[in-house]
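Student: Data file work11.txt (compact mmCIF, C-alpha atoms and all ligand atoms) is appended below.
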```
# COMPACT_ATOMS: atom_id res chain seq x y z
CA MET A 1 1.38 -4.15 3.85
CA ILE A 2 1.03 -2.43 0.50
CA ARG A 3 1.13 1.35 0.16
CA SER A 4 1.10 3.26 -3.09
CA SER A 5 0.76 6.85 -4.19
CA ASN A 6 0.32 8.27 -7.68
CA LEU A 7 1.19 4.92 -9.20
CA SER A 8 1.12 4.64 -12.97
CA TYR A 9 2.47 2.38 -15.67
CA GLN A 10 2.90 3.09 -19.35
CA TYR A 11 3.40 0.09 -21.62
CA PRO A 12 5.89 1.01 -24.36
CA ASN A 13 3.37 0.29 -27.12
CA GLY A 14 0.25 0.16 -25.04
CA PRO A 15 -2.02 2.03 -22.69
CA ALA A 16 -1.08 4.41 -19.87
CA LEU A 17 -2.57 2.98 -16.70
CA SER A 18 -2.97 4.90 -13.46
CA PHE A 19 -3.93 3.35 -10.17
CA PRO A 20 -5.76 4.65 -7.10
CA ASP A 21 -3.66 5.16 -3.96
CA VAL A 22 -3.85 2.26 -1.53
CA ASP A 23 -2.83 1.79 2.09
CA VAL A 24 -3.31 -1.85 3.04
CA ALA A 25 -2.20 -2.89 6.54
CA GLN A 26 -0.12 -6.03 7.14
CA GLY A 27 -2.47 -9.01 7.32
CA ALA A 28 -5.35 -7.25 5.59
CA VAL A 29 -7.20 -8.42 2.49
CA VAL A 30 -7.51 -6.32 -0.64
CA LEU A 31 -9.71 -7.10 -3.61
CA LEU A 32 -8.72 -5.53 -6.90
CA ARG A 33 -11.76 -5.47 -9.16
CA GLY A 34 -12.48 -4.28 -12.63
CA PRO A 35 -13.19 -5.39 -16.17
CA SER A 36 -10.76 -7.33 -18.27
CA GLY A 37 -7.93 -5.12 -19.56
CA CYS A 38 -8.23 -2.46 -16.83
CA GLY A 39 -4.78 -3.18 -15.39
CA LYS A 40 -5.24 -5.70 -12.58
CA SER A 41 -2.41 -8.02 -13.65
CA THR A 42 -0.22 -4.97 -14.28
CA TRP A 43 -0.85 -3.76 -10.71
CA LEU A 44 0.11 -7.19 -9.32
CA ALA A 45 3.33 -7.16 -11.38
CA LEU A 46 4.21 -3.69 -10.02
CA VAL A 47 3.52 -4.79 -6.42
CA ALA A 48 5.67 -7.89 -6.99
CA GLY A 49 8.51 -5.64 -8.16
CA LEU A 50 8.59 -7.38 -11.54
CA MET A 51 8.78 -4.04 -13.33
CA PRO A 52 9.30 -0.49 -12.13
CA PRO A 53 6.35 1.92 -12.25
CA SER A 54 6.47 4.83 -14.71
CA SER A 55 5.65 7.14 -11.81
CA GLY A 56 4.65 7.03 -8.19
CA ASP A 57 5.80 5.35 -5.01
CA LEU A 58 5.19 1.82 -3.90
CA THR A 59 6.10 0.21 -0.58
CA VAL A 60 5.48 -3.51 -0.13
CA ALA A 61 6.18 -5.47 3.07
CA GLU A 62 8.01 -2.39 4.42
CA GLN A 63 10.29 -2.31 1.36
CA PRO A 64 10.23 0.85 -0.79
CA LEU A 65 10.44 -0.76 -4.21
CA SER A 66 12.27 2.18 -5.80
CA ALA A 67 15.22 1.33 -3.53
CA LEU A 68 15.49 -2.22 -4.88
CA LYS A 69 18.29 -2.82 -7.35
CA THR A 70 17.65 -5.33 -10.14
CA LEU A 71 20.09 -7.73 -8.54
CA THR A 72 18.41 -7.71 -5.12
CA ALA A 73 14.85 -7.55 -6.46
CA ASP A 74 14.74 -11.26 -7.29
CA ALA A 75 15.93 -12.29 -3.84
CA TRP A 76 13.53 -9.86 -2.17
CA ARG A 77 10.61 -11.15 -4.27
CA ALA A 78 11.41 -14.79 -3.55
CA GLN A 79 11.22 -14.08 0.18
CA ALA A 80 8.52 -11.45 0.47
CA ILE A 81 6.00 -12.25 -2.26
CA GLY A 82 3.91 -15.35 -2.83
CA PHE A 83 2.52 -15.22 -6.33
CA LEU A 84 -0.39 -17.37 -7.49
CA PRO A 85 -0.47 -16.66 -11.22
CA GLN A 86 -3.51 -17.15 -13.40
CA LYS A 87 -1.63 -19.75 -15.40
CA LEU A 88 -0.10 -21.89 -12.68
CA HIS A 89 3.30 -22.55 -14.33
CA LEU A 90 4.00 -25.88 -12.67
CA SER A 91 6.90 -27.63 -14.41
CA ALA A 92 5.45 -30.65 -16.20
CA ALA A 93 8.63 -32.74 -15.99
CA LEU A 94 8.94 -32.37 -12.21
CA SER A 95 6.95 -33.94 -9.39
CA VAL A 96 4.85 -31.80 -7.07
CA GLN A 97 7.58 -32.05 -4.43
CA GLN A 98 10.28 -31.01 -6.91
CA ASN A 99 8.15 -28.09 -8.10
CA LEU A 100 8.08 -26.81 -4.52
CA ALA A 101 11.79 -27.50 -4.04
CA MET A 102 12.44 -25.23 -7.05
CA ALA A 103 11.01 -22.31 -5.05
CA GLN A 104 13.55 -22.99 -2.30
CA TRP A 105 16.44 -23.22 -4.78
CA ALA A 106 15.27 -20.01 -6.48
CA ALA A 107 15.49 -18.25 -3.12
CA GLY A 108 19.01 -19.57 -2.59
CA GLN A 109 17.89 -21.95 0.15
CA ALA A 110 18.65 -25.60 0.62
CA GLU A 111 15.88 -28.06 -0.19
CA ASP A 112 13.76 -28.55 2.93
CA LEU A 113 11.52 -31.59 2.53
CA ALA A 114 9.91 -31.18 5.95
CA ARG A 115 8.80 -27.66 5.08
CA ILE A 116 7.51 -28.85 1.67
CA ARG A 117 5.48 -31.58 3.36
CA GLU A 118 4.10 -29.07 5.87
CA ALA A 119 3.02 -26.66 3.10
CA LEU A 120 1.36 -29.44 1.08
CA SER A 121 -0.36 -30.81 4.21
CA ALA A 122 -1.74 -27.39 5.13
CA LEU A 123 -3.51 -27.38 1.76
CA GLY A 124 -4.62 -31.02 1.99
CA VAL A 125 -2.47 -32.33 -0.86
CA ALA A 126 0.47 -34.01 0.92
CA GLU A 127 -0.39 -37.36 -0.67
CA LEU A 128 0.16 -35.87 -4.14
CA ALA A 129 3.85 -35.07 -3.54
CA GLN A 130 5.19 -37.65 -6.01
CA ARG A 131 2.70 -36.94 -8.81
CA LYS A 132 3.43 -34.98 -11.95
CA PRO A 133 1.29 -31.89 -12.67
CA ALA A 134 -0.51 -33.72 -15.51
CA GLN A 135 -1.80 -36.22 -12.93
CA LEU A 136 -3.60 -33.51 -10.93
CA SER A 137 -7.13 -32.18 -11.26
CA GLY A 138 -7.51 -28.42 -11.78
CA GLY A 139 -8.37 -27.88 -8.13
CA GLN A 140 -5.45 -30.03 -6.94
CA ALA A 141 -3.04 -28.18 -9.23
CA GLN A 142 -4.22 -24.87 -7.80
CA ARG A 143 -3.65 -26.12 -4.23
CA VAL A 144 -0.15 -27.23 -5.20
CA ALA A 145 0.56 -23.85 -6.83
CA LEU A 146 -0.70 -22.10 -3.69
CA ALA A 147 1.48 -24.33 -1.49
CA ARG A 148 4.44 -23.34 -3.66
CA ALA A 149 3.50 -19.64 -3.46
CA VAL A 150 3.42 -19.66 0.35
CA LEU A 151 6.26 -22.12 0.94
CA LEU A 152 8.67 -19.41 2.08
CA LYS A 153 6.01 -17.74 4.27
CA PRO A 154 5.76 -14.52 2.24
CA ARG A 155 4.45 -11.32 3.86
CA VAL A 156 2.26 -10.67 0.82
CA ILE A 157 0.24 -13.15 -1.24
CA LEU A 158 -0.85 -12.02 -4.72
CA ALA A 159 -3.48 -14.05 -6.58
CA ASP A 160 -4.39 -13.33 -10.20
CA GLU A 161 -7.91 -14.44 -11.20
CA PRO A 162 -7.83 -17.45 -8.84
CA THR A 163 -11.39 -18.48 -9.71
CA ALA A 164 -11.12 -18.34 -13.49
CA SER A 165 -12.46 -21.58 -14.98
CA LEU A 166 -13.69 -22.92 -11.61
CA ASP A 167 -17.30 -23.85 -10.93
CA ASP A 168 -19.16 -22.14 -8.06
CA ASP A 169 -18.22 -24.63 -5.33
CA ALA A 170 -14.58 -24.74 -6.38
CA ALA A 171 -14.49 -20.93 -6.63
CA ASN A 172 -15.75 -20.57 -3.04
CA GLU A 173 -13.21 -23.15 -1.92
CA ALA A 174 -10.34 -21.38 -3.71
CA VAL A 175 -11.20 -18.09 -1.99
CA ALA A 176 -11.51 -19.82 1.40
CA LEU A 177 -8.12 -21.52 0.89
CA LEU A 178 -6.42 -18.24 0.01
CA LEU A 179 -7.94 -16.48 2.98
CA GLY A 180 -7.18 -19.33 5.40
CA THR A 181 -3.58 -19.50 4.19
CA ALA A 182 -3.09 -15.73 4.48
CA ARG A 183 -4.57 -15.69 8.00
CA ARG A 184 -2.45 -18.62 9.15
CA GLN A 185 0.71 -16.90 7.97
CA GLY A 186 -0.31 -13.34 8.91
CA ALA A 187 0.19 -12.38 5.26
CA THR A 188 -1.44 -9.56 3.39
CA LEU A 189 -3.64 -10.98 0.62
CA ALA A 190 -4.40 -9.24 -2.67
CA ILE A 191 -6.79 -10.89 -5.08
CA ALA A 192 -7.21 -9.48 -8.59
CA THR A 193 -10.39 -10.58 -10.31
CA HIS A 194 -13.19 -9.63 -12.65
CA ASP A 195 -15.30 -12.42 -11.11
CA ALA A 196 -18.11 -11.09 -8.93
CA ARG A 197 -18.22 -14.45 -7.12
CA VAL A 198 -14.96 -13.60 -5.31
CA ALA A 199 -16.48 -10.59 -3.53
CA ALA A 200 -19.51 -12.70 -2.67
CA ALA A 201 -17.31 -15.52 -1.30
CA LEU A 202 -15.26 -13.05 0.77
CA ALA A 203 -18.46 -11.48 2.12
CA LEU A 204 -19.55 -14.94 3.32
CA THR A 205 -16.40 -15.25 5.44
CA GLY A 206 -17.16 -12.01 7.29
CA GLU A 207 -13.62 -10.83 6.55
CA LYS A 208 -13.30 -7.05 6.38
CA ILE A 209 -11.82 -6.29 2.99
CA CYS A 210 -10.51 -3.25 1.19
CA GLN A 211 -11.74 -2.98 -2.39
CA ILE A 212 -10.01 -1.20 -5.22
CA GLY A 213 -12.10 -0.70 -8.34
CA LEU A 214 -10.23 -0.07 -11.56
CA GLN A 215 -11.90 1.50 -14.56
CA ALA A 216 -11.67 0.19 -18.09
CA THR A 217 -8.90 1.90 -20.04
CA LYS A 218 -9.78 4.17 -22.94
CA ASP A 219 -8.47 1.60 -25.45
CA VAL A 220 -10.59 -1.13 -23.96
CA LEU A 221 -13.63 1.12 -24.03
CA LYS A 222 -12.93 1.83 -27.69
CA GLN A 223 -12.95 -1.91 -28.42
CA LEU A 224 -16.43 -2.37 -26.88
P1 LIG A 301 -6.29 -7.07 -16.55
O1 LIG A 301 -5.42 -7.98 -15.76
O2 LIG A 301 -7.15 -6.16 -15.70
O3 LIG A 301 -7.14 -7.81 -17.54
P2 LIG A 301 -3.78 -6.15 -17.71
O4 LIG A 301 -3.05 -5.56 -16.56
O5 LIG A 301 -3.39 -7.51 -18.16
O6 LIG A 301 -5.37 -6.07 -17.39
O7 LIG A 301 -3.66 -5.19 -18.95
C1 LIG A 301 -3.97 -3.80 -18.86
C2 LIG A 301 -3.88 -3.16 -20.23
O8 LIG A 301 -2.51 -3.18 -20.66
C3 LIG A 301 -4.67 -3.86 -21.32
O9 LIG A 301 -5.21 -2.88 -22.15
C4 LIG A 301 -3.64 -4.71 -22.03
O10 LIG A 301 -3.99 -4.89 -23.37
C5 LIG A 301 -2.40 -3.85 -21.91
N1 LIG A 301 -1.15 -4.65 -21.86
C6 LIG A 301 -0.87 -5.69 -21.03
N2 LIG A 301 0.37 -6.16 -21.25
C7 LIG A 301 0.89 -5.40 -22.26
C8 LIG A 301 2.14 -5.39 -22.94
N3 LIG A 301 3.12 -6.24 -22.62
N4 LIG A 301 2.33 -4.46 -23.92
C9 LIG A 301 1.36 -3.59 -24.25
N5 LIG A 301 0.16 -3.53 -23.62
C10 LIG A 301 -0.09 -4.43 -22.64
MG MG A 302 -5.30 -10.02 -15.69
```
In structure tokens, how does this file's structure come out?
Tutor:
Amino acid sequence: MIRSSNLSYQYPNGPALSFPDVDVAQGAVVLLRGPSGCGKSTWLALVAGLMPPSSGDLTVAEQPLSALKTLTADAWRAQAIGFLPQKLHLSAALSVQQNLAMAQWAAGQAEDLARIREALSALGVAELAQRKPAQLSGGQAQRVALARAVLLKPRVILADEPTASLDDDAANEAVALLLGTARRQGATLAIATHDARVAAALALTGEKICQIGLQATKDVLKQL
């Protein structure tokens, strides 16, 4: 679940962003839409507890984020949040399997190869476990990054522009994979995108979704 009220964020040398209130039930899907620069990635970072909001309240997976201390925030995030960033950030020197093991170490857990295999299998990439990221296609790398994001069975999955640079078929597949993974794990799914194909792909699945539309910021409008 994700619940916010009066949420805003002011970048020190940047725009003041304010966000509509949301109340997303556990297991639901939320689509965060809006033009580039309107604050989608910022909203995801706030929900992930990566930075504190300038104002407002935010509760994610039953955790009021204002109550998180810096020290406990990392451990909470590792357990509760599965983040699929726009840039995948797979470590080039490590194999696929080692990249996933890193997520377990980061959460203070022992390496669990059976769980890693299970997560890779669920996304159809178990046979790629020993490859390096450079030996993967774009679509394969995204599956691996998603397997890593959901390895610890997070309550909330956050995906930032998951269809950027994908062709139409691959974009539909990426959305279906995210949705299937979230459903299987009972996770709340938030997708931030400026790509109209994502809404269309979600509509095809018949999934009931909550949409949040963000407006372009004044600075962005000035640049147009
Ligand atoms: P989106 O993901 O919707 O494209 P972002 O959340 O990345 O938008 O950015 C929202 C606004 O905040 C933009 O105007 C962007 O230029 C600005 N911004 C993002 N990061 C910073 C930063 N670190 N410092 C100052 N301004 C920033
Ligand atoms: Mg963004």
Student: Please provide the set of residues having any atom within 12 Å of Ala114 in chain A, restricted to all atoms listed in the file, with same-chain residues fewer than 5 positions apart removed, written as a list in words.
Tutor: Gln97, Leu100, Ala101, Ala119, Leu120, Ser121, Ala126, Ala129 and Leu151 of chain A
Student: Mind listing as a PyMOL selection string all residues within 7 Å of (-0.6, -9.4, 1.4), counting only C-alpha atoms?
Tutor: chain A and resi 1+26-29+155-158+187-190
Student: Could you please extract the residues within 12 Å of ligand LIG 301 (chain A), counting all atoms listed in the file, and hand them back as a ChimeraX atom specification?
Tutor: /A:8-19,32-46,51,85-86,159-162,164,191-195,212-223
Student: Counting all atoms listed in the file, which residue out of A:Gly49, A:Lys87, A:Arg115, A:Thr72 sits closest to ligand MG 302 (chain A)?
Tutor: A:Lys87
Student: Which value, in Å to one decimal, gives the distance between CA of Arg131 in chain A and CA of Ala103 in chain A?
Tutor: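 Interatomic distance here is 17.2 Å.
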Student: Restricting the calculation to only C-alpha atoms, which member of A:Ala203, A:Leu94, A:Leu166, A:Ala149 is positioned closest to Ala182 in chain A?
Tutor: A:Ala149
Student: State, in Å with one decimal place, the distance from CA of Val30 in chain A to CA of Cys210 in chain A.
Tutor: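 Between these atoms lies a distance of 4.7 Å.
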Student: Work out how far apart CA of Leu7 in chain A and CA of Ala61 in chain A are and give it in Å to one decimal.
Tutor: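 Atom-to-atom, CA of Leu7 in chain A and CA of Ala61 in chain A are spaced 16.8 Å apart.
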Student: Under the rule that only C-alpha atoms are counted, which of A:Leu204, A:Ala147, A:Leu65, A:Leu90 is the nearest residue to Leu178 in chain A?
Tutor: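 Under the stated criterion, the closest residue is A:Ala147.
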Student: Could you check which of A:Leu136, A:Leu84, A:Ala75, A:Leu152 is closest to Ala174 in chain A, using all atoms listed in the file?
Tutor: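 Nearest candidate to Ala174 in chain A out of A:Leu136, A:Leu84, A:Ala75, A:Leu152: A:Leu84.
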Student: Identify which of the residues A:His89, A:Lys132, A:Glu173, A:Gln79 lies closest to Gln109 in chain A, counting all atoms listed in the file when measuring atom-to-atom distances.
Tutor: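 Of A:His89, A:Lys132, A:Glu173, A:Gln79, the one nearest Gln109 in chain A is A:Gln79, counting all atoms listed in the file.
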Student: So which residues touch Leu88 in chain A within 8 Å, counting all atoms listed in the file, skipping near sequence neighbours fewer than 5 positions away, as a list in words?
Tutor: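 Result of the neighbour search: Ala141, Gln142 and Ala145 of chain A.
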Student: When distances are computed from all atoms listed in the file, which of A:Ala171, A:Gly186, A:Val24, A:Leu179 shows the smallest separation from Val198 in chain A?
Tutor: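 Of A:Ala171, A:Gly186, A:Val24, A:Leu179, the one nearest Val198 in chain A, counting all atoms listed in the file, is A:Ala171.
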Student: Near Thr59 in chain A, within 9 Å and counting only C-alpha atoms, which residues show up once chain neighbours fewer than 2 positions away are dropped, as a ChimeraX atom specification?
Tutor: /A:1-4,47,57,61-66
